[in-house]
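Enquirer: Just dropping this structure here.
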Amino acid sequence: MIKVLAKSIREYKKTSILTPIFVSLEVLLECVIPFVIAQLVNAIKNDVSMELLLRYGTILVVMALLSLLFGALAGSTCATASSGFAKNLRKDMYARIQTYSFENIDKFLVSSLVTRMTTDVTNVQQAYMMIIRIAIRAPLMLVFAFVMAFVMGGRMAWIFLVVVPILAIGLIAVIYKTIPLFRKVFRKYDKLNESIQENIKAIRVVKSFVREDHEQKKFNAAAEDVCRDFTRAERILAINNPLMQFCMYVVMAFVLSFGSYTIITSRGVDLDVGQFSSLLTYSFMILSSLMMVSMVFVMITMAAESGKRIAAILTEESTLHNPENPVYDMKDGSISFQNVSFKYSEAAERMVLSDINLEIRSGETVGIIGGTGSSKSSLIQLIPRLYDATEGVVKVGGRDVREYDLETLRNQVAVVLQKNVLFSGTIKENLRWGNKEATDAQLIQACRIACADEFIDTFPDGYDTHIEQGGTNVSGGQKQRLCIARALLKNPKILILDDSTSAVDTKTDAKIRSALRTYMPETTKIIIAQRTASVEDADKILVMGGGKIQAVGTHKELLASNEIYREIYTSQNKKGDEDEE
């Protein structure tokens, strides 16, 4: 985990190294200052000259200023290093997620990915900040102060060696108890974020069914669950503070009582006032260092689980890879499925698609129809290699899709998915996802084919109209037409429309299909639809059911020979037939 996370330090190595150096110099000066003060106290006791007092005073001022300077520099470099490290972690995680296949995305919940890029990275950032500063400062201060305490206080310093094992045992017990709790908490954080995400995405449904109270109760229950686990963990961590305070007061009581007794009984021979004052200072330093060590352990304990979750993202390998010598040219838009079976994960018990054999010539228009859950979308997702076939071969342009460079393949296969997505920005910016170099004339032509110009021209800002995140300020039908136009701008060899005209009326649907035939005669077009009207003029139609191709034929052939297709057609056209009668 540490090796994986350390790769994200990169350009912040310099500040990460400078911070411990500055901290070391700061600690060294802080530990020497009490020693100089002790010398000054003894000098004053012996009626030293004003010149020597000024010399001691100057040395102390210079040392204090240098300590302050090194502390400020350490703070600055530490902030730069930790913030930069967090920035790189987020960039690396985001870049890694972009390489994931759909199978990888399915493995991690979206809410979990969001938590890892926010809460988990913040925890690791804070831990890293402590590691390069406080985790250096505290042990150094502890060692230096121990050494100076023995130099100044002799056998009295042994009291520190008595309390350290007590604190160490306490810390180990706390860490052992809290790590499992934090592991549970972060999993519940994922669930909490999932609840928020689900509610916000479905807010229209929530309000239309007046389920705000139900959602509020569900969220409150999840939040209370997280709170309970966090409270348990924090209660255990809170033991650190009273344990530290107890050890501190024991040490202070011993030093004050035994030190005073030694000064009085030995008349300053075994221990003088200067040594005693510096010993008290070193006592505070040692105990504050132990307190800081305790804080570091607590933060690292919290961040350890976050670090593992981040490392899991950074080490996850995409299930889809480019071959060693990829093909960068696609001959045509022909498609072939040869004995293809598919399931979404190795652990799945049954195949989603079974024994698919299909030949589609380049330039053909193919319709796919079937009931919900018939695996229509699963079939077309194998063509641009969003998933790999579990068994069999999928060929495009006469080559196995696994032989192509992924970018080349996906640039030649445009898919308008069932769930249409627009991004925040202008209509132009959304359309240019299809072709970032597209001219305004090309944008207008694509929108005309997709019948999107009809509503764009009614907007005051036209193609510069701002689209809200997720396209919430346009209707479902408008969103679908914009997504079709975006796909057309890729000028692909294969165009797949996955139920992407379901929200438009039949007249507009017919106009779009007619325009596609005229505008893209050489492009292979696959249309998944619920309405037979959307596919009846296709060169051939696939009827799917139970993950298999039940029948293949033209509209007329299927009406005559396939009961499933005939039932769908009859149910959709019954009202029209009755009206004609």
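In the structure tokens, each chain is lettered A, B, ... as it comes, each chain's residues begin at 1, and ligands are numbered from 1 in order of appearance.
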Skipping near chain neighbours, those fewer than 6 positions away, what residues fall within 8 Å of stretch 1-7 of chain A using only C-alpha atoms, listed as a list in words?
Expert: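 The contact residues come out as Leu89, Gly307, Lys308, Ile310, Ala311, Leu314 and Thr315 of chain A.
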Enquirer: Which residues come within 10 Å of A:Leu495, counting only C-alpha atoms, excluding same-chain residues fewer than 3 positions away, as a list of chain:residue names?
Expert: A:Gly333, A:Gly363, A:Thr365, A:Gln412, A:Val413, A:Ala414, A:Val415, A:Val416, A:Ile484, A:Ala487, A:Leu488, A:Lys490, A:Asn491, A:Pro492, A:Asp498, A:Leu516, A:Met520, A:Thr523, A:Thr524, A:Lys525, A:Ile526, A:Ile527
Enquirer: Could the residues in this selection be written to a file with N, CA and C atoms, as a PDB file, in the first residue's frame?
Expert:
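Saved to again.pdb:
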```pdb
ATOM      1  N   GLY A 333     -17.977  -1.738 -41.809  1.00  0.00           N
ATOM      2  CA  GLY A 333     -18.839  -1.873 -40.638  1.00  0.00           C
ATOM      3  C   GLY A 333     -19.525  -3.216 -40.520  1.00  0.00           C
ATOM      4  N   GLY A 363     -23.239  -1.563 -43.856  1.00  0.00           N
ATOM      5  CA  GLY A 363     -24.265  -0.708 -44.454  1.00  0.00           C
ATOM      6  C   GLY A 363     -25.681  -1.169 -44.186  1.00  0.00           C
ATOM      7  N   THR A 365     -29.141  -2.038 -42.140  1.00  0.00           N
ATOM      8  CA  THR A 365     -29.870  -1.530 -40.985  1.00  0.00           C
ATOM      9  C   THR A 365     -30.527  -2.720 -40.302  1.00  0.00           C
ATOM     10  N   GLN A 412     -14.913   4.246 -34.201  1.00  0.00           N
ATOM     11  CA  GLN A 412     -15.646   3.808 -35.387  1.00  0.00           C
ATOM     12  C   GLN A 412     -17.001   3.185 -35.047  1.00  0.00           C
ATOM     13  N   VAL A 413     -17.260   3.000 -33.752  1.00  0.00           N
ATOM     14  CA  VAL A 413     -18.550   2.461 -33.305  1.00  0.00           C
ATOM     15  C   VAL A 413     -19.190   3.494 -32.377  1.00  0.00           C
ATOM     16  N   ALA A 414     -20.189   4.209 -32.881  1.00  0.00           N
ATOM     17  CA  ALA A 414     -20.874   5.221 -32.070  1.00  0.00           C
ATOM     18  C   ALA A 414     -22.095   4.592 -31.418  1.00  0.00           C
ATOM     19  N   VAL A 415     -22.183   4.722 -30.098  1.00  0.00           N
ATOM     20  CA  VAL A 415     -23.293   4.126 -29.352  1.00  0.00           C
ATOM     21  C   VAL A 415     -24.068   5.227 -28.638  1.00  0.00           C
ATOM     22  N   VAL A 416     -25.359   5.287 -28.913  1.00  0.00           N
ATOM     23  CA  VAL A 416     -26.243   6.161 -28.139  1.00  0.00           C
ATOM     24  C   VAL A 416     -26.917   5.237 -27.137  1.00  0.00           C
ATOM     25  N   ILE A 484     -28.104  11.716 -30.176  1.00  0.00           N
ATOM     26  CA  ILE A 484     -27.987  11.132 -31.513  1.00  0.00           C
ATOM     27  C   ILE A 484     -27.121  12.023 -32.400  1.00  0.00           C
ATOM     28  N   ALA A 487     -23.509  11.581 -31.612  1.00  0.00           N
ATOM     29  CA  ALA A 487     -22.960  10.336 -32.157  1.00  0.00           C
ATOM     30  C   ALA A 487     -22.706  10.461 -33.658  1.00  0.00           C
ATOM     31  N   LEU A 488     -23.588  11.165 -34.380  1.00  0.00           N
ATOM     32  CA  LEU A 488     -23.431  11.323 -35.832  1.00  0.00           C
ATOM     33  C   LEU A 488     -22.157  12.075 -36.184  1.00  0.00           C
ATOM     34  N   LYS A 490     -19.333  11.752 -35.030  1.00  0.00           N
ATOM     35  CA  LYS A 490     -18.174  10.863 -35.069  1.00  0.00           C
ATOM     36  C   LYS A 490     -17.976  10.278 -36.472  1.00  0.00           C
ATOM     37  N   ASN A 491     -19.041  10.365 -37.311  1.00  0.00           N
ATOM     38  CA  ASN A 491     -19.011   9.774 -38.654  1.00  0.00           C
ATOM     39  C   ASN A 491     -18.529   8.330 -38.582  1.00  0.00           C
ATOM     40  N   PRO A 492     -19.226   7.496 -37.805  1.00  0.00           N
ATOM     41  CA  PRO A 492     -18.736   6.138 -37.533  1.00  0.00           C
ATOM     42  C   PRO A 492     -19.068   5.155 -38.660  1.00  0.00           C
ATOM     43  N   ASP A 498     -29.537   2.529 -28.945  1.00  0.00           N
ATOM     44  CA  ASP A 498     -30.106   1.623 -27.935  1.00  0.00           C
ATOM     45  C   ASP A 498     -31.344   2.260 -27.313  1.00  0.00           C
ATOM     46  N   LEU A 516     -31.315   9.183 -41.541  1.00  0.00           N
ATOM     47  CA  LEU A 516     -30.130   8.335 -41.353  1.00  0.00           C
ATOM     48  C   LEU A 516     -29.857   7.490 -42.599  1.00  0.00           C
ATOM     49  N   MET A 520     -26.328   8.481 -44.123  1.00  0.00           N
ATOM     50  CA  MET A 520     -25.286   7.502 -43.802  1.00  0.00           C
ATOM     51  C   MET A 520     -25.588   6.154 -44.461  1.00  0.00           C
ATOM     52  N   THR A 523     -23.044   3.359 -43.550  1.00  0.00           N
ATOM     53  CA  THR A 523     -22.858   3.061 -42.126  1.00  0.00           C
ATOM     54  C   THR A 523     -23.813   1.953 -41.684  1.00  0.00           C
ATOM     55  N   THR A 524     -23.274   0.977 -40.969  1.00  0.00           N
ATOM     56  CA  THR A 524     -24.120  -0.075 -40.399  1.00  0.00           C
ATOM     57  C   THR A 524     -24.911   0.504 -39.232  1.00  0.00           C
ATOM     58  N   LYS A 525     -26.215   0.320 -39.272  1.00  0.00           N
ATOM     59  CA  LYS A 525     -27.064   0.911 -38.232  1.00  0.00           C
ATOM     60  C   LYS A 525     -27.803  -0.199 -37.484  1.00  0.00           C
ATOM     61  N   ILE A 526     -27.668  -0.189 -36.162  1.00  0.00           N
ATOM     62  CA  ILE A 526     -28.370  -1.148 -35.308  1.00  0.00           C
ATOM     63  C   ILE A 526     -29.317  -0.360 -34.422  1.00  0.00           C
ATOM     64  N   ILE A 527     -30.599  -0.679 -34.507  1.00  0.00           N
ATOM     65  CA  ILE A 527     -31.615   0.076 -33.757  1.00  0.00           C
ATOM     66  C   ILE A 527     -32.316  -0.864 -32.784  1.00  0.00           C
TER      67      ILE A 527
END
```
Enquirer: List every residue of stretch 230-431 of chain A that DSSP, applied to the backbone, labels as alpha helix (DSSP H), and write the result as number ranges by chain.
Expert: A: 230-237, 240-266, 273-315, 376-380, 406-412, 427-431
Enquirer: Deliver the residues from the most recent selection as a file, using C-alpha atoms, as an mmCIF file, in the first residue's frame.
Expert:
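Generated output (selection-v9.cif):
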```cif
data_model
loop_
_atom_site.group_PDB
_atom_site.id
_atom_site.type_symbol
_atom_site.label_atom_id
_atom_site.label_comp_id
_atom_site.auth_asym_id
_atom_site.auth_seq_id
_atom_site.Cartn_x
_atom_site.Cartn_y
_atom_site.Cartn_z
ATOM 1 C CA PHE A 230 -17.570 6.483 14.848
ATOM 2 C CA THR A 231 -18.575 7.173 18.439
ATOM 3 C CA ARG A 232 -17.334 3.738 19.518
ATOM 4 C CA ALA A 233 -14.021 4.293 17.745
ATOM 5 C CA GLU A 234 -13.625 7.823 19.127
ATOM 6 C CA ARG A 235 -14.391 6.635 22.682
ATOM 7 C CA ILE A 236 -11.571 4.113 22.453
ATOM 8 C CA LEU A 237 -9.221 6.707 20.937
ATOM 9 C CA ASN A 240 -5.137 8.177 24.894
ATOM 10 C CA ASN A 241 -5.610 11.609 26.384
ATOM 11 C CA PRO A 242 -6.297 10.696 30.042
ATOM 12 C CA LEU A 243 -3.528 8.074 29.878
ATOM 13 C CA MET A 244 -1.109 10.755 28.667
ATOM 14 C CA GLN A 245 -2.293 13.209 31.312
ATOM 15 C CA PHE A 246 -1.878 10.621 34.048
ATOM 16 C CA CYS A 247 1.714 9.850 32.997
ATOM 17 C CA MET A 248 2.470 13.555 32.679
ATOM 18 C CA TYR A 249 1.250 14.385 36.182
ATOM 19 C CA VAL A 250 3.090 11.378 37.663
ATOM 20 C CA VAL A 251 6.340 12.537 36.062
ATOM 21 C CA MET A 252 5.837 16.163 37.058
ATOM 22 C CA ALA A 253 4.998 15.217 40.646
ATOM 23 C CA PHE A 254 8.111 13.016 40.837
ATOM 24 C CA VAL A 255 10.433 15.629 39.289
ATOM 25 C CA LEU A 256 9.102 18.463 41.457
ATOM 26 C CA SER A 257 9.162 16.548 44.732
ATOM 27 C CA PHE A 258 12.366 14.529 44.263
ATOM 28 C CA GLY A 259 14.142 17.445 42.547
ATOM 29 C CA SER A 260 13.288 19.885 45.328
ATOM 30 C CA TYR A 261 14.335 17.317 47.935
ATOM 31 C CA THR A 262 17.690 16.775 46.166
ATOM 32 C CA ILE A 263 18.430 20.526 45.907
ATOM 33 C CA ILE A 264 17.647 21.077 49.603
ATOM 34 C CA THR A 265 19.482 18.033 50.996
ATOM 35 C CA SER A 266 22.589 18.349 48.809
ATOM 36 C CA VAL A 273 18.485 25.450 40.389
ATOM 37 C CA GLY A 274 19.560 25.832 36.745
ATOM 38 C CA GLN A 275 19.614 22.081 36.175
ATOM 39 C CA PHE A 276 16.270 21.705 37.923
ATOM 40 C CA SER A 277 14.589 24.364 35.724
ATOM 41 C CA SER A 278 15.936 22.794 32.537
ATOM 42 C CA LEU A 279 14.877 19.329 33.747
ATOM 43 C CA LEU A 280 11.318 20.607 34.171
ATOM 44 C CA THR A 281 11.418 22.013 30.637
ATOM 45 C CA TYR A 282 12.710 18.712 29.236
ATOM 46 C CA SER A 283 9.969 16.917 31.157
ATOM 47 C CA PHE A 284 7.354 18.977 29.345
ATOM 48 C CA MET A 285 9.115 18.357 26.022
ATOM 49 C CA ILE A 286 9.218 14.591 26.539
ATOM 50 C CA LEU A 287 5.607 14.341 27.580
ATOM 51 C CA SER A 288 4.364 16.664 24.825
ATOM 52 C CA SER A 289 6.358 14.548 22.340
ATOM 53 C CA LEU A 290 4.617 11.435 23.636
ATOM 54 C CA MET A 291 1.299 13.214 23.253
ATOM 55 C CA MET A 292 2.193 14.073 19.635
ATOM 56 C CA VAL A 293 3.228 10.468 18.985
ATOM 57 C CA SER A 294 -0.179 9.428 20.286
ATOM 58 C CA MET A 295 -1.908 11.847 17.883
ATOM 59 C CA VAL A 296 0.139 10.536 14.956
ATOM 60 C CA PHE A 297 -0.789 6.940 15.783
ATOM 61 C CA VAL A 298 -4.472 7.883 15.972
ATOM 62 C CA MET A 299 -4.366 9.648 12.591
ATOM 63 C CA ILE A 300 -2.393 6.851 10.949
ATOM 64 C CA THR A 301 -4.855 4.317 12.357
ATOM 65 C CA MET A 302 -7.723 6.207 10.726
ATOM 66 C CA ALA A 303 -5.812 6.737 7.476
ATOM 67 C CA ALA A 304 -4.555 3.142 7.139
ATOM 68 C CA GLU A 305 -7.929 1.836 5.997
ATOM 69 C CA SER A 306 -8.374 4.855 3.706
ATOM 70 C CA GLY A 307 -4.946 4.169 2.221
ATOM 71 C CA LYS A 308 -5.891 0.561 1.472
ATOM 72 C CA ARG A 309 -9.094 1.678 -0.245
ATOM 73 C CA ILE A 310 -7.187 4.198 -2.383
ATOM 74 C CA ALA A 311 -4.496 1.631 -3.230
ATOM 75 C CA ALA A 312 -7.233 -0.769 -4.346
ATOM 76 C CA ILE A 313 -8.313 1.788 -6.957
ATOM 77 C CA LEU A 314 -4.752 2.535 -8.104
ATOM 78 C CA THR A 315 -3.791 -1.138 -8.441
ATOM 79 C CA LYS A 376 -30.650 -6.545 -26.144
ATOM 80 C CA SER A 377 -28.303 -3.967 -24.588
ATOM 81 C CA SER A 378 -25.869 -6.666 -23.458
ATOM 82 C CA LEU A 379 -25.575 -7.836 -27.073
ATOM 83 C CA ILE A 380 -24.615 -4.463 -28.551
ATOM 84 C CA LEU A 406 -9.524 0.277 -28.223
ATOM 85 C CA GLU A 407 -9.614 3.939 -29.187
ATOM 86 C CA THR A 408 -9.741 3.083 -32.889
ATOM 87 C CA LEU A 409 -12.575 0.599 -32.366
ATOM 88 C CA ARG A 410 -14.681 2.930 -30.239
ATOM 89 C CA ASN A 411 -14.151 5.884 -32.569
ATOM 90 C CA GLN A 412 -15.646 3.808 -35.387
ATOM 91 C CA ILE A 427 -25.118 22.645 -26.648
ATOM 92 C CA LYS A 428 -22.089 23.175 -28.907
ATOM 93 C CA GLU A 429 -19.714 21.852 -26.257
ATOM 94 C CA ASN A 430 -21.875 18.759 -25.755
ATOM 95 C CA LEU A 431 -22.109 18.074 -29.489
#
```
Enquirer: Just want the 8 Å neighbourhood of A:Gln530, counted on only C-alpha atoms, with same-chain residues fewer than 2 positions away dropped. Output as a list of chain:residue names.
Expert: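 Listed by chain and then number, they are A:Ile369, A:Gly370, A:Gly371, A:Asp499, A:Ser502, A:Ile528, A:Thr532, A:Ser534.
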Enquirer: Deliver the residues from the most recent selection as a file, using N, CA and C atoms, as a CSV table (one decimal), in the first residue's frame.
Expert:
```
chain,number,residue,atom,x,y,z
A,369,ILE,N,-35.5,-6.3,-31.3
A,369,ILE,CA,-36.7,-6.1,-30.5
A,369,ILE,C,-36.8,-7.2,-29.5
A,370,GLY,N,-37.4,-7.0,-28.4
A,370,GLY,CA,-37.6,-8.1,-27.4
A,370,GLY,C,-38.1,-7.5,-26.1
A,371,GLY,N,-38.5,-8.3,-25.2
A,371,GLY,CA,-39.1,-7.8,-23.9
A,371,GLY,C,-38.0,-7.3,-23.0
A,499,ASP,N,-32.5,2.0,-27.9
A,499,ASP,CA,-33.8,2.5,-27.5
A,499,ASP,C,-33.7,4.1,-27.3
A,502,SER,N,-37.0,6.5,-27.7
A,502,SER,CA,-38.2,6.1,-27.0
A,502,SER,C,-39.0,7.3,-26.5
A,528,ILE,N,-32.1,-0.6,-31.5
A,528,ILE,CA,-32.8,-1.4,-30.5
A,528,ILE,C,-34.1,-0.5,-30.1
A,532,THR,N,-42.4,-1.6,-32.7
A,532,THR,CA,-42.1,-2.3,-34.0
A,532,THR,C,-42.0,-1.3,-35.1
A,534,SER,N,-40.5,1.4,-35.1
A,534,SER,CA,-39.1,1.9,-35.2
A,534,SER,C,-38.1,1.0,-36.0
```
Enquirer: For atom CA of A:Asp332 and atom CA of A:Ile541, quote the distance in Å rounded to one decimal.
Expert: 20.8 Å
Enquirer: Set the distance at 10 Å and use only C-alpha atoms: which residues neighbour A:Thr554 once local chain neighbours fewer than 2 positions away are removed? I'd like the list as an NGL selection string.
Expert: :A and (366-367 or 535-542 or 552 or 556-560)
